[in-house]
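The structure appears right after this line, and notes come after that.
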Number of protein chains: 2
Amino acid sequence: MYKCSLERMSDKIKTMSKYGDAGHGGITRYSLSKEANMARAEFQKRMEAIGAVVECDDVACMYATLPGSDPNAKRIVMASHCDSVKNGGNYDGILGVMTGMEVLETVAAEKIPHKHPLTAMIWTNEEGSLYPPAMMVSGIICHDYLPKELQVNFEYDNMMKSKPMDESPYANFGEALAASPYKGAKENRISPENSCAMFEAHLEQGPILEDAGNEIGAVQLVMGMFNYSITFRGFSAHAGTFPMAKRHDALHAAAAFLVELHDRYDAYNAEVVAEGMPEFVYTTGEINVHPCIHTVIPDEAVVSLDVRHPEPKVREKCMEILKELAAKDWKQCSCEIKEQWVRDTVYFDKQLVGFVEESMEEMGAKWQKILSGAGHDAQFCAYMIPTTMLFARTKDGLSHCEPEHVSDEDCTAVATATLNAVLKADAAL
Amino acid sequence: MYKCSLERMSDKIKTMSKYGDAGHGGITRYSLSKEANMARAEFQKRMEAIGAVVECDDVACMYATLPGSDPNAKRIVMASHCDSVKNGGNYDGILGVMTGMEVLETVAAEKIPHKHPLTAMIWTNEEGSLYPPAMMVSGIICHDYLPKELQVNFEYDNMMKSKPMDESPYANFGEALAASPYKGAKENRISPENSCAMFEAHLEQGPILEDAGNEIGAVQLVMGMFNYSITFRGFSAHAGTFPMAKRHDALHAAAAFLVELHDRYDAYNAEVVAEGMPEFVYTTGEINVHPCIHTVIPDEAVVSLDVRHPEPKVREKCMEILKELAAKDWKQCSCEIKEQWVRDTVYFDKQLVGFVEESMEEMGAKWQKILSGAGHDAQFCAYMIPTTMLFARTKDGLSHCEPEHVSDEDCTAVATATLNAVLKADAAL
């Protein structure tokens, strides 16, 4: 059992938090931005300082590798991303990058013997905050291994045309990439030919570990999900002149639908939990109303629905309830539902999950098995090579915001768990 | 009993519909725009052709006056506006202007004797579509006669600074006004010193006349109203990682509130109608949710509420229900209500309303008494001089949109009713 260094981890957290510092506790560090390049330069400097070889691939992913004793062994990779959402926090993504760095620094400092090359990696553009979609580059790299219905969302040529959502010196992702000092060769991409395992450490982004009094979690899977848009159509008329009974108010329709959907889903969730399964999570986060003027009755309201659960039969029942509700009359408005995307549950590699659980147990950590409701690069990578994830306890469950926080101790604990799981993989693979 | 000319009215409708023609049946004719100037030039040309004197005031209102036989008599004014909303129809506003023109043309053609000067007038910037607020210029002109709480919304200096909502060659309303060829002298403004009555013909903008099989309506009042914003605050978290029971979802709160508000208001409206009063109309037309992202639980939702009824006690009870609901817990979110504006009911001049009703009866029109739920320049003018309004039947109740339609016959009917009411006023005042 080896241990990572709290002091070294704290120093990395403090340093990385400067790159994109928005002045009030968090960062804005879009992918391929000046700020992201500062974090990448820090990564390169520290990795080269311990003798790691740094390479880049054609989509600007960075790889810092310490060679192993077996010249024929494939790499064991530890990776996450260094880009953030707008006004995000100091842990999402970069924690997994710092974990990879810390593992390599510990291996170098303590001269830990290992057979496989060990690689700390940065995935480009995970958040997709400036250039959508999210998980763009893992989508590109893992493209050929993804299910067909996901492949269409990550075609290389289309991704290069992705337009910026905020201020950017470049017209699209392709131009930003061409201008990046971190654009390298396609043959450097992570692949089943050069890598045999991928570990991603991440903050949990929810309150489950904290509420259970645990520091770290061994992630079992990324929940399957479906995302639908639900459109209500009535017609517009003047707020002051149109009799109540003749109105076809699309916002009233959407409100009535939302209330009934929540009631039906909450009732079904109680059944799901009673059967011993984890609850499903569902969110109606977006509503867009037309014309959205206080003196006009709305003629259209579009609501989003996001449902996540590991079990296909639970998601199917949720879909069934949605379809049943969509068939009803909502305040004399029509209701149309449309699939935005659907993803199956991704189960992480059983052997790697086992190594993570053994490590957590051996180090005496307060740990638990946990599921991921959020998407991560690891979820696409899992289609390509054996992959798993580790979670760190998140203060108040907050993420994607400036108060996002993980204690230095918990960051170090997740790095120690990663280190020992990697060494188990190094021995077994 | 005199009659206006269907042929002449049809020609005016056809001609005016060209100015701002958007190519699919309606117009965009912002106040003080090139398109509005074309309509104003047409007004001037036709009015000068019958010997009327055309003058402008300092806020670009236009007045075309035929002198009367009594040199000391004050003007009787027929007025509305020639500006439209974006992609509006061919009747809102301009129908009242064409009515004034048609009345003067009939008086001139048939040499109808009259004591008072008769004036067809164009109010500037009623819609406020390019330079808000709506009814800006009647607010400026009638400013000193308005209730104190309304005066603050129409201070001349502030109005001049109104910034454009859409593309405009001018930085603000004041600059557009300074550049207008129709800017004249302040002493030309309509006032109690120079005018003794104001009639405004308008399309109904609702389906009440049509549903009752009536052509025209004698407007009794403009309903009092209140407009509130209602804000729900919870907190944001990730759609995939946050347990359902810990959520404080502001959109779910707003939806539950909307459903209960509609239920409570509909129940109370049934009581109002049972007491022999007209129903109140209420609209929740606007909703803005933050951050409005499908993968994030909303932390804020703001809803608008617009309530209109002639009787203060009905509006008070509606307010009471609103406050009662606002005090409840909505899905673990806070609820805060805030007044946006409140306006009392404006009763039109009893004598002028009587002249309109007598005229409608004498001409054998299918007519009824009606209330206005929408705001009009007449409503501000009524605080300054005796004022009333006439409504024309509106196809399907539609207005502020391109399909907005009033038949040539109904346009002519409202002009005939105006003509005879004006002549009754001419005799009596």
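Numbering starts fresh at 1 for the residues of each chain in the structure tokens, the chains themselves are lettered A, B, ... in the order given, and ligands are numbered from 1 as they appear.
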
For chain B, work out the contacting residues on chain A at 8 Å, counting only C-alpha atoms, and write them as a PyMOL selection string. chain A and resi 204-208+237-244+251-252+254-256+258-259+281-289+292-298+304-306+308+372-374+397-400

From a DSSP calculation on the backbone, collect every residue of region 101-243 of chain A in alpha helix (DSSP H) and output the set as a PyMOL selection string. chain A and resi 101-109+136-141+148-151+156-160+173-178+208-212

Could you name the residues that touch region 376-378 of chain B at 10 Å or less, counting only C-alpha atoms, but leaving out those on the same chain fewer than 3 positions away, as a PyMOL selection string? chain B and resi 79-81+93+123-127+134-139+142+198-202+221-222+346+348+372-373+381-389

If we count only C-alpha atoms and set the cut-off at 8 Å, which residues sit around region 155-161 of chain B, ignoring sequence neighbours fewer than 6 positions away in its own chain? Please answer as number ranges by chain. B: 136, 140, 143, 172-175
